[in-house]
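Structure data (mmCIF, C-alpha atoms and all ligand atoms) from work.cif:
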data_query
#
loop_
_atom_site.label_atom_id
_atom_site.label_comp_id
_atom_site.auth_asym_id
_atom_site.auth_seq_id
_atom_site.Cartn_x
_atom_site.Cartn_y
_atom_site.Cartn_z
CA MET A 140 -8.20 -12.20 17.38
CA LYS A 141 -10.74 -9.66 16.34
CA GLU A 142 -12.64 -8.42 13.30
CA ILE A 143 -11.94 -5.11 11.55
CA ILE A 144 -14.87 -2.93 12.57
CA SER A 145 -13.67 0.52 13.59
CA ILE A 146 -11.24 3.29 12.75
CA ALA A 147 -9.14 2.15 15.74
CA ASP A 148 -8.74 -1.23 14.01
CA ILE A 149 -7.74 0.49 10.76
CA ARG A 150 -5.14 2.56 12.61
CA LEU A 151 -3.71 -0.56 14.23
CA LEU A 152 -3.56 -2.30 10.85
CA VAL A 153 -1.85 0.63 9.12
CA ASP A 154 0.57 1.40 11.97
CA THR A 155 1.63 -2.25 12.29
CA PHE A 156 2.01 -2.73 8.55
CA TYR A 157 4.18 0.38 8.03
CA SER A 158 6.35 -0.40 11.02
CA LYS A 159 7.17 -3.69 9.26
CA VAL A 160 7.75 -1.81 5.99
CA ARG A 161 10.12 0.62 7.70
CA GLU A 162 12.27 -2.27 8.92
CA ASP A 163 12.20 -4.21 5.69
CA GLU A 164 15.49 -4.62 3.86
CA LEU A 165 13.95 -4.39 0.40
CA LEU A 166 11.24 -1.77 0.98
CA ALA A 167 12.45 0.62 3.70
CA ASP A 168 14.76 2.71 1.53
CA ILE A 169 12.17 3.16 -1.21
CA PHE A 170 9.52 4.39 1.23
CA ASN A 171 11.91 6.58 3.22
CA GLY A 172 13.36 8.06 0.02
CA VAL A 173 9.94 9.41 -0.98
CA ILE A 174 8.29 10.03 2.39
CA LYS A 175 11.33 11.38 4.28
CA ASP A 176 10.04 13.12 7.44
CA LYS A 177 6.38 13.02 6.33
CA TRP A 178 5.48 9.65 7.88
CA PRO A 179 2.67 11.09 10.05
CA GLN A 180 1.02 12.57 6.94
CA HIS A 181 1.47 9.31 5.00
CA LEU A 182 -0.04 7.25 7.81
CA GLU A 183 -2.96 9.67 8.14
CA LYS A 184 -3.64 9.30 4.40
CA MET A 185 -3.45 5.53 4.61
CA TYR A 186 -5.93 5.44 7.54
CA ARG A 187 -8.36 7.29 5.30
CA PHE A 188 -7.66 5.03 2.33
CA TRP A 189 -8.40 1.81 4.25
CA GLN A 190 -11.28 3.38 6.16
CA THR A 191 -12.90 4.19 2.81
CA ILE A 192 -12.32 0.70 1.39
CA LEU A 193 -13.09 -1.46 4.39
CA LEU A 194 -15.57 0.56 6.43
CA GLY A 195 -17.31 2.34 3.55
CA GLU A 196 -16.70 5.70 5.25
CA HIS A 197 -15.56 8.03 2.49
CA THR A 198 -12.65 10.03 3.82
CA TYR A 199 -10.05 9.34 1.07
CA TYR A 200 -10.26 11.30 -2.18
CA GLY A 201 -6.81 10.85 -3.71
CA SER A 202 -5.56 8.96 -6.74
CA PRO A 203 -3.88 5.86 -5.37
CA PHE A 204 -1.77 4.86 -8.38
CA SER A 205 -0.14 8.14 -9.50
CA PRO A 206 2.63 8.42 -6.90
CA HIS A 207 3.77 4.85 -7.72
CA ALA A 208 4.00 5.37 -11.48
CA HIS A 209 7.73 6.05 -11.62
CA MET A 210 9.01 4.42 -8.45
CA PRO A 211 11.88 1.94 -8.95
CA ILE A 212 9.72 -1.05 -8.03
CA ASP A 213 9.06 -4.40 -9.70
CA ALA A 214 7.41 -7.77 -8.99
CA ARG A 215 9.82 -8.54 -6.11
CA HIS A 216 8.84 -5.37 -4.25
CA PHE A 217 5.12 -6.03 -4.68
CA GLU A 218 5.56 -9.61 -3.52
CA GLN A 219 7.28 -8.40 -0.37
CA TRP A 220 4.66 -5.67 0.17
CA ILE A 221 1.94 -8.33 -0.02
CA ASN A 222 3.86 -10.69 2.30
CA LEU A 223 4.08 -7.99 4.98
CA PHE A 224 0.45 -6.94 4.51
CA TYR A 225 -0.87 -10.51 4.79
CA ALA A 226 1.37 -11.17 7.82
CA THR A 227 -0.01 -8.03 9.51
CA ILE A 228 -3.63 -9.01 8.89
CA ASP A 229 -3.10 -12.61 9.99
CA GLU A 230 -1.35 -11.56 13.17
CA LEU A 231 -4.06 -9.09 14.22
CA PHE A 232 -7.41 -9.87 12.63
CA GLU A 233 -9.81 -12.48 11.36
CA GLY A 234 -13.18 -12.52 9.59
CA GLU A 235 -14.78 -11.16 6.46
CA LYS A 236 -13.16 -7.69 6.44
CA ALA A 237 -9.75 -9.20 7.13
CA ASP A 238 -10.17 -11.47 4.09
CA GLU A 239 -11.46 -8.56 2.03
CA ALA A 240 -8.44 -6.42 3.01
CA LYS A 241 -6.09 -9.12 1.72
CA TRP A 242 -8.10 -9.62 -1.46
CA ARG A 243 -8.23 -5.87 -2.23
CA ALA A 244 -4.54 -5.34 -1.47
CA LYS A 245 -3.60 -8.21 -3.80
CA LYS A 246 -5.81 -6.88 -6.61
CA MET A 247 -4.38 -3.38 -6.28
CA ALA A 248 -0.81 -4.68 -6.16
CA GLU A 249 -1.45 -6.63 -9.39
CA MET A 250 -2.99 -3.60 -11.03
CA PHE A 251 -0.18 -1.25 -9.92
CA LEU A 252 2.46 -3.71 -11.15
CA SER A 253 0.86 -4.15 -14.55
CA LYS A 254 0.57 -0.37 -15.00
CA ILE A 255 4.21 0.15 -13.95
CA GLU A 256 5.32 -2.50 -16.45
CA TYR A 257 3.22 -0.89 -19.15
CA TYR A 258 4.85 2.52 -18.54
CA LYS A 259 8.33 1.01 -18.45
CA GLU A 260 7.82 -0.76 -21.77
CA ARG A 261 6.39 2.32 -23.39
CA ASP A 262 9.17 4.60 -22.12
CA SER A 263 11.86 2.24 -23.34
CA LYS A 264 10.54 2.09 -26.90
CA PRO A 265 12.23 4.29 -29.46
CA LEU A 266 10.06 7.04 -30.92
CA LEU A 267 10.45 5.81 -34.46
C1 LIG A 301 6.19 -2.19 -3.42
C2 LIG A 301 5.01 -1.63 -3.43
C3 LIG A 301 4.71 -0.24 -2.95
C4 LIG A 301 5.56 0.81 -2.63
C5 LIG A 301 7.09 0.83 -2.65
C6 LIG A 301 4.72 1.93 -2.26
C7 LIG A 301 5.21 3.15 -1.84
C8 LIG A 301 4.43 4.27 -1.59
C9 LIG A 301 4.95 5.57 -1.23
C10 LIG A 301 6.43 5.91 -1.06
C11 LIG A 301 3.89 6.41 -1.11
C12 LIG A 301 3.94 7.92 -0.76
C13 LIG A 301 3.88 8.72 -2.04
C14 LIG A 301 3.96 10.22 -1.81
O1 LIG A 301 3.65 10.70 -0.72
O2 LIG A 301 4.33 10.90 -2.78
C15 LIG A 301 2.70 5.63 -1.37
C16 LIG A 301 1.42 6.13 -1.36
C17 LIG A 301 0.29 5.36 -1.45
N1 LIG A 301 0.25 3.99 -1.64
FE1 LIG A 301 1.82 2.78 -2.00
N2 LIG A 301 3.40 1.57 -2.33
C18 LIG A 301 3.35 0.26 -2.75
C19 LIG A 301 2.22 -0.50 -2.93
C20 LIG A 301 0.94 -0.08 -2.68
C21 LIG A 301 -0.25 -0.90 -2.77
C22 LIG A 301 -0.29 -2.39 -3.19
C23 LIG A 301 -1.30 -0.10 -2.43
C24 LIG A 301 -2.78 -0.42 -2.35
C25 LIG A 301 -3.26 -1.49 -1.76
C26 LIG A 301 -0.78 1.22 -2.13
C27 LIG A 301 -1.53 2.32 -1.79
C28 LIG A 301 -1.07 3.60 -1.66
C29 LIG A 301 -1.92 4.78 -1.48
C30 LIG A 301 -3.44 4.81 -1.42
C31 LIG A 301 -1.06 5.89 -1.36
C32 LIG A 301 -1.47 7.36 -1.17
C33 LIG A 301 -1.70 7.98 -2.56
C34 LIG A 301 -2.09 9.45 -2.44
O3 LIG A 301 -1.19 10.31 -2.39
O4 LIG A 301 -3.30 9.74 -2.37
N3 LIG A 301 0.58 1.20 -2.29
N4 LIG A 301 3.06 4.34 -1.66
#

Turn the structure described in the file into structure tokens.
Amino acid sequence: MKEIISIADIRLLVDTFYSKVREDELLADIFNGVIKDKWPQHLEKMYRFWQTILLGEHTYYGSPFSPHAHMPIDARHFEQWINLFYATIDELFEGEKADEAKWRAKKMAEMFLSKIEYYKERDSKPLL
């Protein structure tokens, strides 16, 4: 077991996590439906995202929430996303950054879910 200290560790984390996602009964179709043949680009973006968060090396400048705003996802999908993410971390890493990765992922999942629910409620309300 090792700590997360380098971009090679981030790549291993991201590659392992998304290979689980791509085999997951609940999540695979949602990801593939949006990403299609652009997996290399998605993975590259996600290396930068986690490199920025965990290593403090600022290489990601996107807006993380926007692409999720209208995906057909609810609490079950986020729960499964978190299960796979935690399983990936626990199988590969230990230490402070590993704990931080889990903590940050959980916080962002909660935030994404509450925003998605907010948009759904608002969209379903009649105008008058
Ligand atoms: C069930 C939950 C989730 C699903 C189905 C999902 C799916 C996706 C998909 C399909 C994309 C590609 C969007 C595109 O290229 O247009 C994406 C992008 C992204 N996701 Fe998620 N995601 C989920 C949860 C999360 C969580 C919890 C995080 C943060 C910890 C996250 C972080 C990101 C980031 C940073 C991007 C790139 C945004 C950009 O374009 O800059 N996602 N996600």

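Residues surrounding Ala244 of chain A within 12 Å are Phe188, Trp189, Ile192, Leu193, Pro203, Phe217, Glu218, Trp220, Ile221, Asn222, Leu223, Phe224, Tyr225, Ile228, Lys236, Ala237, Asp238, Glu239, Ala240, Lys241, Trp242, Lys246, Met247, Ala248, Glu249, Met250 and Phe251 of chain A [all atoms listed in the file; sequence separation below 2 positions excluded].
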
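If only C-alpha atoms and all ligand atoms are the atoms counted, then among A:Lys259, A:Glu230, A:Asn171, A:Glu196 the closest residue to ligand LIG 301 (chain A) is A:Asn171.
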
Starting from the point (8.4, 0.7, -16.7), work out which residues of protein, DNA or RNA have an atom no more than 9 Å away when counting only C-alpha atoms; state them as a VMD selection string.
chain A and resid 208 to 209 211 to 213 254 to 263

Option closest in space to ligand LIG 301 (chain A), from A:Glu235, A:Asp154, A:Asp229, A:Asp168 [counting all atoms listed in the file]
A:Asp168

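If you look at atom CA of Glu162 of chain A and atom CA of Phe204 of chain A, they are 23.4 Å away from each other.
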
Using all atoms of ligand LIG 301 (chain A) that appear in the file, construct an axis-aligned enclosing box with 5 Å of padding on every side and provide its centre coordinates and edge lengths in Å, rounded to one decimal, as AutoDock Vina command-line options.
--center_x 1.8 --center_y 4.3 --center_z -2.1 --size_x 20.5 --size_y 23.3 --size_z 12.7

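Take the candidates A:Gly201, A:Lys159, A:Ile143, A:Ser253 and check each one against Met185 of chain A using only C-alpha atoms; the shortest distance goes to A:Gly201.
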
Mind checking which residues fall within 8 Å of Tyr199 of chain A, counting all atoms listed in the file, ignoring those fewer than 4 positions away in the same chain, and posting them as a PyMOL selection string?
chain A and resi 184+187-188+190-191

Just write the chosen residues, C-alpha atoms, as an mmCIF file, in the frame of the given file.
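Written file, out01.cif:
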data_model
loop_
_atom_site.group_PDB
_atom_site.id
_atom_site.type_symbol
_atom_site.label_atom_id
_atom_site.label_comp_id
_atom_site.auth_asym_id
_atom_site.auth_seq_id
_atom_site.Cartn_x
_atom_site.Cartn_y
_atom_site.Cartn_z
ATOM 1 C CA LYS A 184 -3.640 9.300 4.400
ATOM 2 C CA ARG A 187 -8.360 7.290 5.300
ATOM 3 C CA PHE A 188 -7.660 5.030 2.330
ATOM 4 C CA GLN A 190 -11.280 3.380 6.160
ATOM 5 C CA THR A 191 -12.900 4.190 2.810
#

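In this model, the gap between atom CA of His216 of chain A and atom C6 of ligand LIG 301 (chain A) comes to 8.6 Å.
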